[in-house]
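**Student:** Here you go, this is query.cif (mmCIF, C-alpha atoms and all ligand atoms).
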```cif
data_start
loop_
_atom_site.label_atom_id
_atom_site.label_comp_id
_atom_site.auth_asym_id
_atom_site.auth_seq_id
_atom_site.Cartn_x
_atom_site.Cartn_y
_atom_site.Cartn_z
CA MET A 1 25.16 4.68 -11.40
CA LYS A 2 25.31 4.46 -7.63
CA SER A 3 28.16 5.16 -5.26
CA ASN A 4 28.19 4.47 -1.56
CA GLY A 5 26.06 6.92 0.38
CA THR A 6 24.33 8.23 -2.75
CA ILE A 7 20.60 8.16 -2.35
CA ARG A 8 18.00 7.77 -5.06
CA ILE A 9 14.71 9.63 -5.11
CA ALA A 10 11.97 8.27 -7.38
CA VAL A 11 9.47 10.72 -8.89
CA GLN A 12 6.76 10.35 -11.51
CA ARG A 13 8.25 10.59 -14.97
CA SER A 14 5.38 12.29 -16.70
CA GLY A 15 2.01 12.98 -15.15
CA ARG A 16 0.10 14.96 -12.59
CA LEU A 17 2.72 14.68 -9.84
CA SER A 18 5.82 15.40 -11.95
CA GLU A 19 5.89 19.18 -11.80
CA GLY A 20 5.02 19.40 -8.09
CA SER A 21 7.66 16.77 -7.25
CA LEU A 22 10.45 18.53 -9.15
CA ASN A 23 9.46 21.92 -7.73
CA LEU A 24 9.61 20.52 -4.22
CA LEU A 25 13.07 18.97 -4.78
CA LYS A 26 14.35 22.29 -6.18
CA SER A 27 12.91 24.21 -3.22
CA MET A 28 14.75 21.74 -0.98
CA GLY A 29 17.99 23.02 -2.51
CA LEU A 30 18.71 20.14 -4.90
CA GLN A 31 20.37 21.37 -8.08
CA PHE A 32 19.77 19.26 -11.18
CA GLU A 33 18.77 19.40 -14.83
CA THR A 34 15.86 17.51 -16.30
CA TYR A 35 16.04 16.27 -19.86
CA GLN A 36 13.23 14.63 -21.73
CA ASN A 37 13.49 10.87 -21.92
CA ARG A 38 16.21 10.67 -19.28
CA LEU A 39 15.63 7.91 -16.76
CA PHE A 40 17.71 9.52 -14.09
CA THR A 41 19.60 12.70 -13.34
CA ARG A 42 22.37 13.34 -10.85
CA CYS A 43 22.26 16.33 -8.50
CA ARG A 44 25.17 18.73 -8.87
CA ASN A 45 25.42 19.71 -5.22
CA MET A 46 24.45 16.60 -3.23
CA PRO A 47 25.00 12.84 -3.53
CA ILE A 48 21.50 12.28 -4.87
CA ASP A 49 20.16 10.68 -8.06
CA ILE A 50 16.62 11.36 -9.19
CA LEU A 51 14.87 8.49 -10.96
CA PHE A 52 11.96 9.14 -13.31
CA LEU A 53 9.49 6.26 -13.21
CA ARG A 54 5.84 5.36 -13.73
CA ASP A 55 4.13 6.25 -10.49
CA ASP A 56 2.71 2.71 -10.13
CA ASP A 57 6.23 1.28 -9.83
CA ILE A 58 7.45 3.70 -7.17
CA PRO A 59 6.03 2.03 -3.99
CA GLU A 60 7.66 -1.34 -4.83
CA TYR A 61 10.96 0.24 -5.89
CA VAL A 62 11.08 2.10 -2.59
CA GLN A 63 10.12 -1.00 -0.60
CA ASP A 64 12.91 -2.97 -2.31
CA GLY A 65 15.49 -0.23 -1.80
CA VAL A 66 16.00 0.40 -5.54
CA ALA A 67 15.06 3.94 -4.56
CA ASP A 68 15.57 5.25 -1.02
CA LEU A 69 12.87 7.91 -1.23
CA GLY A 70 9.87 8.39 -3.49
CA ILE A 71 6.99 10.75 -4.13
CA VAL A 72 3.60 9.19 -4.90
CA GLY A 73 -0.08 9.78 -4.29
CA SER A 74 -1.28 8.21 -1.04
CA ASN A 75 -3.98 6.53 -3.18
CA LEU A 76 -1.25 4.30 -4.64
CA LEU A 77 0.09 3.44 -1.18
CA ASP A 78 -3.39 2.47 -0.02
CA GLU A 79 -3.70 0.23 -3.07
CA SER A 80 -0.29 -1.42 -2.94
CA ASN A 81 1.01 -3.81 -0.29
CA ALA A 82 4.47 -2.28 -0.53
CA LYS A 83 6.17 -1.72 2.80
CA ALA A 84 7.39 1.83 2.39
CA LYS A 85 7.42 4.32 5.26
CA ARG A 86 5.18 7.37 4.84
CA LEU A 87 7.36 10.30 5.89
CA LEU A 88 5.43 13.45 4.99
CA SER A 89 2.24 14.59 3.26
CA LEU A 90 3.31 17.12 0.65
CA ASP A 91 0.24 19.34 0.11
CA PHE A 92 -0.11 18.88 -3.63
CA GLY A 93 -1.71 16.32 -5.96
CA PHE A 94 -4.97 16.49 -4.02
CA CYS A 95 -7.73 14.18 -5.20
CA SER A 96 -10.19 11.66 -3.81
CA LEU A 97 -11.06 8.11 -4.70
CA ALA A 98 -14.81 7.99 -5.23
CA ILE A 99 -17.55 5.67 -6.39
CA ALA A 100 -19.58 7.32 -9.16
CA VAL A 101 -22.73 6.26 -10.98
CA PRO A 102 -24.60 7.53 -14.07
CA GLU A 103 -26.48 10.77 -13.26
CA GLN A 104 -29.85 9.28 -14.21
CA SER A 105 -29.37 5.95 -12.44
CA GLU A 106 -31.52 4.60 -9.61
CA PHE A 107 -28.43 4.09 -7.36
CA LYS A 108 -28.64 6.38 -4.35
CA THR A 109 -26.38 4.72 -1.78
CA ILE A 110 -23.57 2.20 -1.83
CA VAL A 111 -25.98 -0.55 -0.73
CA ASP A 112 -27.83 -0.18 -4.08
CA LEU A 113 -24.69 -1.47 -5.81
CA ALA A 114 -25.06 -4.99 -4.33
CA GLY A 115 -24.87 -7.51 -7.18
CA LYS A 116 -23.73 -4.79 -9.64
CA LYS A 117 -20.44 -4.30 -11.49
CA ILE A 118 -17.98 -1.56 -10.50
CA ALA A 119 -15.04 -0.76 -12.80
CA THR A 120 -11.82 0.55 -11.24
CA SER A 121 -8.03 0.75 -11.40
CA TYR A 122 -7.99 0.49 -7.59
CA PRO A 123 -9.41 -3.01 -6.95
CA GLN A 124 -7.80 -3.60 -3.54
CA THR A 125 -8.99 -0.32 -2.02
CA LEU A 126 -12.46 -0.78 -3.51
CA LYS A 127 -12.77 -4.40 -2.32
CA ARG A 128 -11.75 -3.36 1.18
CA TYR A 129 -14.33 -0.59 1.19
CA LEU A 130 -17.10 -2.87 -0.10
CA ALA A 131 -16.26 -5.51 2.51
CA GLU A 132 -16.29 -2.89 5.31
CA ASN A 133 -19.73 -1.80 4.17
CA GLY A 134 -21.07 -5.33 3.66
CA VAL A 135 -21.75 -4.77 -0.04
CA ASP A 136 -21.24 -7.72 -2.38
CA ALA A 137 -20.49 -6.24 -5.83
CA GLU A 138 -18.37 -7.44 -8.73
CA VAL A 139 -15.11 -5.52 -9.18
CA ILE A 140 -13.96 -5.13 -12.79
CA LEU A 141 -10.29 -4.16 -13.21
CA LEU A 142 -9.59 -1.55 -15.89
CA LYS A 143 -6.16 0.05 -16.32
CA GLY A 144 -7.43 3.29 -17.85
CA CYS A 145 -10.46 5.19 -19.19
CA VAL A 146 -12.53 3.87 -16.30
CA GLU A 147 -15.01 6.74 -16.72
CA VAL A 148 -16.40 5.36 -20.00
CA ALA A 149 -17.20 1.92 -18.52
CA PRO A 150 -20.89 2.68 -17.72
CA ALA A 151 -21.56 4.16 -21.19
CA LEU A 152 -20.01 1.04 -22.75
CA GLU A 153 -22.11 -1.11 -20.40
CA VAL A 154 -18.96 -2.74 -19.09
CA ALA A 155 -20.01 -1.75 -15.56
CA ASP A 156 -22.87 -0.13 -13.64
CA ALA A 157 -20.64 2.17 -11.62
CA ILE A 158 -17.00 3.22 -11.39
CA CYS A 159 -14.49 3.83 -8.62
CA ASP A 160 -11.91 6.37 -9.75
CA LEU A 161 -9.84 9.42 -8.76
CA VAL A 162 -11.69 12.71 -8.80
CA SER A 163 -10.32 16.20 -8.33
CA THR A 164 -12.52 18.89 -9.89
CA GLY A 165 -15.21 16.45 -11.06
CA SER A 166 -15.11 17.73 -14.65
CA THR A 167 -14.30 14.28 -16.11
CA LEU A 168 -17.30 12.87 -14.25
CA ARG A 169 -19.58 15.63 -15.54
CA THR A 170 -18.37 15.12 -19.14
CA ASN A 171 -19.31 11.46 -18.81
CA ARG A 172 -22.64 12.20 -17.06
CA LEU A 173 -21.53 10.55 -13.83
CA THR A 174 -22.06 11.71 -10.27
CA VAL A 175 -20.29 10.82 -7.00
CA LEU A 176 -22.15 8.36 -4.79
CA GLU A 177 -19.52 7.89 -2.06
CA THR A 178 -16.02 9.21 -1.41
CA ILE A 179 -13.80 6.35 -0.26
CA SER A 180 -10.62 8.23 0.62
CA LYS A 181 -8.70 11.46 0.19
CA SER A 182 -5.26 11.52 -1.37
CA GLN A 183 -2.28 13.81 -1.78
CA ALA A 184 1.35 13.49 -2.84
CA THR A 185 3.37 11.79 -0.10
CA LEU A 186 7.09 11.40 0.56
CA ILE A 187 7.94 7.76 1.24
CA ALA A 188 11.13 6.01 2.33
CA THR A 189 12.58 2.54 2.12
CA PRO A 190 12.26 0.69 5.45
CA ASN A 191 15.89 -0.29 6.02
CA VAL A 192 18.45 2.47 5.86
CA SER A 193 21.25 3.37 8.19
CA GLY A 194 24.47 5.32 8.46
CA GLU A 195 25.25 8.08 5.98
CA LYS A 196 22.13 7.50 3.95
CA GLN A 197 19.91 7.79 6.99
CA GLN A 198 21.59 11.08 7.92
CA LEU A 199 21.05 12.45 4.42
CA ILE A 200 17.39 11.34 4.47
CA GLU A 201 16.91 13.15 7.79
CA ARG A 202 18.46 16.32 6.32
CA LEU A 203 16.15 16.10 3.32
CA LEU A 204 13.13 15.51 5.54
CA LEU A 205 13.96 18.64 7.54
CA ARG A 206 14.23 20.61 4.29
CA ALA A 207 10.97 19.21 2.90
CA GLY A 208 9.26 20.11 6.18
CA GLY A 209 10.74 23.62 5.96
CA VAL A 210 9.36 24.11 2.46
CA GLN A 211 5.95 22.81 3.61
CA GLU A 212 5.84 25.11 6.62
CA ALA A 213 6.89 28.08 4.52
CA ARG A 214 3.99 27.50 2.14
CA ALA A 215 1.56 27.28 5.02
CA PHE A 216 2.64 30.62 6.56
CA LYS A 217 2.97 34.28 5.59
CA TYR A 218 5.23 36.92 7.08
CA ILE A 219 3.14 39.83 8.37
CA MET A 220 4.16 43.32 9.51
CA PHE A 221 1.88 46.10 10.75
CA ASN A 222 1.70 49.20 12.92
CA LEU A 223 -0.48 49.22 16.01
CA PRO A 224 -1.31 51.54 18.92
CA GLU A 225 1.08 50.57 21.72
CA LYS A 226 -1.79 50.00 24.15
CA LYS A 227 -3.07 47.16 21.92
CA LEU A 228 0.11 45.09 22.27
CA GLU A 229 -1.59 42.31 24.27
CA ASP A 230 -4.21 41.89 21.50
CA ALA A 231 -1.43 41.59 18.92
CA LYS A 232 0.32 38.89 20.97
CA ALA A 233 -2.88 36.86 21.01
CA LEU A 234 -3.56 37.36 17.29
CA VAL A 235 -0.10 36.71 15.89
CA PRO A 236 1.83 34.70 18.47
CA GLY A 237 4.45 33.80 15.84
CA CYS A 238 6.89 31.01 16.67
CA ASP A 239 7.43 31.98 20.30
CA SER A 240 6.38 35.59 20.48
CA PRO A 241 6.01 38.36 17.87
CA THR A 242 8.82 40.87 17.25
CA VAL A 243 7.79 44.29 18.55
CA MET A 244 9.65 47.48 17.60
CA PRO A 245 9.19 51.08 18.69
CA LEU A 246 8.15 53.70 16.13
CA ALA A 247 8.99 57.43 16.02
CA ASP A 248 5.51 58.04 17.42
CA PRO A 249 5.78 56.66 21.01
CA ALA A 250 2.07 55.78 21.04
CA MET A 251 2.64 53.32 18.17
CA ILE A 252 4.58 50.07 17.70
CA ALA A 253 5.50 47.88 14.71
CA VAL A 254 4.72 44.17 15.00
CA HIS A 255 6.39 41.47 12.87
CA SER A 256 5.24 37.87 12.96
CA VAL A 257 4.12 34.84 10.95
CA VAL A 258 0.54 33.84 10.37
CA GLU A 259 -1.02 30.68 8.97
CA GLU A 260 -2.25 31.12 5.43
CA GLU A 261 -5.56 29.53 6.46
CA ARG A 262 -6.23 32.12 9.19
CA PHE A 263 -4.79 35.00 7.22
CA TRP A 264 -7.91 37.05 6.36
CA GLU A 265 -9.51 36.49 9.74
CA VAL A 266 -6.31 37.78 11.43
CA VAL A 267 -6.05 40.80 9.11
CA GLU A 268 -9.64 41.80 9.90
CA LYS A 269 -8.96 41.56 13.63
CA ILE A 270 -5.75 43.58 13.31
CA LYS A 271 -7.78 46.33 11.63
CA GLU A 272 -10.39 46.14 14.40
CA CYS A 273 -7.57 46.71 16.95
CA GLY A 274 -6.52 49.86 15.09
CA GLY A 275 -3.73 48.22 13.07
CA SER A 276 -2.58 49.88 9.86
CA GLY A 277 0.10 49.64 7.18
CA ILE A 278 -0.31 45.87 7.04
CA LEU A 279 2.42 44.31 4.87
CA VAL A 280 2.46 40.65 3.97
CA SER A 281 5.11 38.65 2.18
CA PRO A 282 5.68 35.01 1.29
CA ILE A 283 8.20 32.97 3.25
CA GLU A 284 10.71 30.97 1.26
CA LYS A 285 11.74 28.53 4.01
CA PHE A 286 10.55 28.21 7.61
CA ILE A 287 12.41 26.08 10.14
CA ARG A 288 10.93 26.25 13.62
P1 LIG A 301 1.91 6.94 -14.94
O1 LIG A 301 2.22 6.97 -16.37
O2 LIG A 301 3.04 7.50 -14.11
O3 LIG A 301 1.43 5.61 -14.45
P2 LIG A 301 -0.82 7.81 -14.36
O4 LIG A 301 -1.63 7.99 -15.58
O5 LIG A 301 -1.03 6.62 -13.51
O6 LIG A 301 0.73 7.99 -14.75
P3 LIG A 301 -1.61 10.46 -13.37
O7 LIG A 301 -2.95 10.54 -14.03
O8 LIG A 301 -0.56 11.40 -13.79
O9 LIG A 301 -1.01 8.98 -13.35
O10 LIG A 301 -1.87 10.59 -11.80
C1 LIG A 301 -0.82 10.48 -10.89
C2 LIG A 301 -1.35 10.78 -9.50
O11 LIG A 301 -1.87 12.10 -9.46
C3 LIG A 301 -2.51 9.92 -9.03
O12 LIG A 301 -2.09 8.67 -8.54
C4 LIG A 301 -3.10 10.79 -7.93
O13 LIG A 301 -2.37 10.62 -6.73
C5 LIG A 301 -2.83 12.22 -8.43
N1 LIG A 301 -4.05 12.93 -8.94
C6 LIG A 301 -4.46 14.16 -8.58
N2 LIG A 301 -5.59 14.50 -9.19
C7 LIG A 301 -5.96 13.49 -9.96
C8 LIG A 301 -7.05 13.26 -10.85
N3 LIG A 301 -8.00 14.14 -11.05
N4 LIG A 301 -7.06 12.09 -11.52
C9 LIG A 301 -6.07 11.21 -11.35
N5 LIG A 301 -5.04 11.38 -10.51
C10 LIG A 301 -4.96 12.50 -9.82
ZN ZN A 302 0.15 5.29 -12.93
#
```
The structure in this file should be written as structure tokens.

**Tutor:**
Amino acid sequence: MKSNGTIRIAVQRSGRLSEGSLNLLKSMGLQFETYQNRLFTRCRNMPIDILFLRDDDIPEYVQDGVADLGIVGSNLLDESNAKAKRLLSLDFGFCSLAIAVPEQSEFKTIVDLAGKKIATSYPQTLKRYLAENGVDAEVILLKGCVEVAPALEVADAICDLVSTGSTLRTNRLTVLETISKSQATLIATPNVSGEKQQLIERLLLRAGGVQEARAFKYIMFNLPEKKLEDAKALVPGCDSPTVMPLADPAMIAVHSVVEEERFWEVVEKIKECGGSGILVSPIEKFIR
């Protein structure tokens, strides 16, 4: 299965991170097919095998070098003792690990849970958090369906992953404390060298390029020439915006990149400066 210099990337086989992981690898230029029930697939254009695993196994496999790279939620890394290097946060699979209690309960703060039972699939992270906050509660380990534990009177509270909160609402639970935030993360095995290390660095550059591209938009607009200094301040681009003359000598065209987060604020300011014909397009890759 493995030849010298071939690297293995472990992704979740079937679950919330699967689609985002495969999309990222494809955007990084890896060409491969995915078939149901396959445990691994080989890339056509690079010496890379993709392994499809349960997410819980990925940190240890990466630590032990069974896989060289892996994509998992940072919640799993916080929970496991595996020594894998965190290379890059990937901007998908967002969720938080939170302590939740029944809506009608008398628990208002974490301190109220002293002497109570908290059900979770994340015992290590929860125990650490309780210890940091000086709360002595009993931690009950459940592998799944943690949200039904209070209704079944297995526990007084739960500690589980939350994204939209709809599962909590369905089970009449409400968040008491958020312990940590999580997102998909690219991890690497600690000991690599030579060809493999070079390939990992290439892949990291590509993953970073895909990330940056998602965080930016390409923007073009026309502006009165006398407002050039305002444009430079608004859309500095990588080093400096591209400025081109127009047929009307009083006007210029400005091309640049703008962070998605600041996008609407920047567009409003461009309009205030007399900008017009604002065109925006997505960026496929962005290497600074
Ligand atoms: P597997 O069979 O691989 O063990 P799983 O049931 O443990 O799957 P999923 O529910 O698919 O895993 O969750 C995988 C990861 O997705 C979580 O570890 C977390 O990082 C992320 N995630 C994002 N939103 C949520 C959410 N609302 N609930 C659970 N996990 C979430
Ligand atoms: Zn899992």

**Student:** Fewer than 6 positions away in the same chain doesn't count, so skip those; otherwise give me all residues within 12 Å of Ile270 of chain A, counting all atoms listed in the file, as an MDAnalysis selection string.

**Tutor:** chainID A and resid 219:224 227:235 254 258 263:264 276:279

**Student:** If we count all atoms listed in the file and set the cut-off at 7 Å, which residues sit around Leu173 of chain A, ignoring sequence neighbours fewer than 2 positions away in its own chain? Please answer as a ChimeraX atom specification.

**Tutor:** /A:100-103,168-169,171,175

**Student:** Between atom CA of Lys116 of chain A and atom CA of Glu153 of chain A, what is the spacing in Å?

**Tutor:**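 For atom CA of Glu153 of chain A relative to atom CA of Lys116 of chain A, the distance reads 11.5 Å.
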
**Student:** Atom CA of Val210 of chain A and atom CA of Pro241 of chain A, how far apart in Å?

**Tutor:** 21.3 Å

**Student:** Determine, counting only C-alpha atoms, which protein, DNA and RNA residues have an atom within 12 Å of an atom of Pro282 of chain A; residues of the same chain fewer than 5 positions away are not included. Present the result as number ranges by chain.

**Tutor:** A: 210, 212-220, 257-260

**Student:** All residues within 9 Å of ligand ZN 302 (chain A) are required, counting all atoms listed in the file; please report them as a list in words.

**Tutor:**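 If we count all atoms listed in the file, the neighbours of ligand ZN 302 (chain A) turn out to be Gln12, Gly15, Arg54, Asp55, Asp56, Asp57, Leu76 and Lys143 of chain A.
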
**Student:** For ligand LIG 301 (chain A), collect every residue having any atom at a distance of at most 8 Å from a ligand atom (counting all atoms listed in the file); output as a PyMOL selection string.

**Tutor:** chain A and resi 12-18+53-57+72-76+93-96+144+160-165+182-184

**Student:** Atom CA of Leu205 of chain A to atom CA of Gln31 of chain A: how many Å, to one decimal?

**Tutor:**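 The value is 17.1 Å.
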
**Student:** Counting all atoms listed in the file, which residue out of A:Ala157, A:Ser89, A:Gln124, A:Leu22 sits closest to Asp112 of chain A?

**Tutor:** A:Ala157
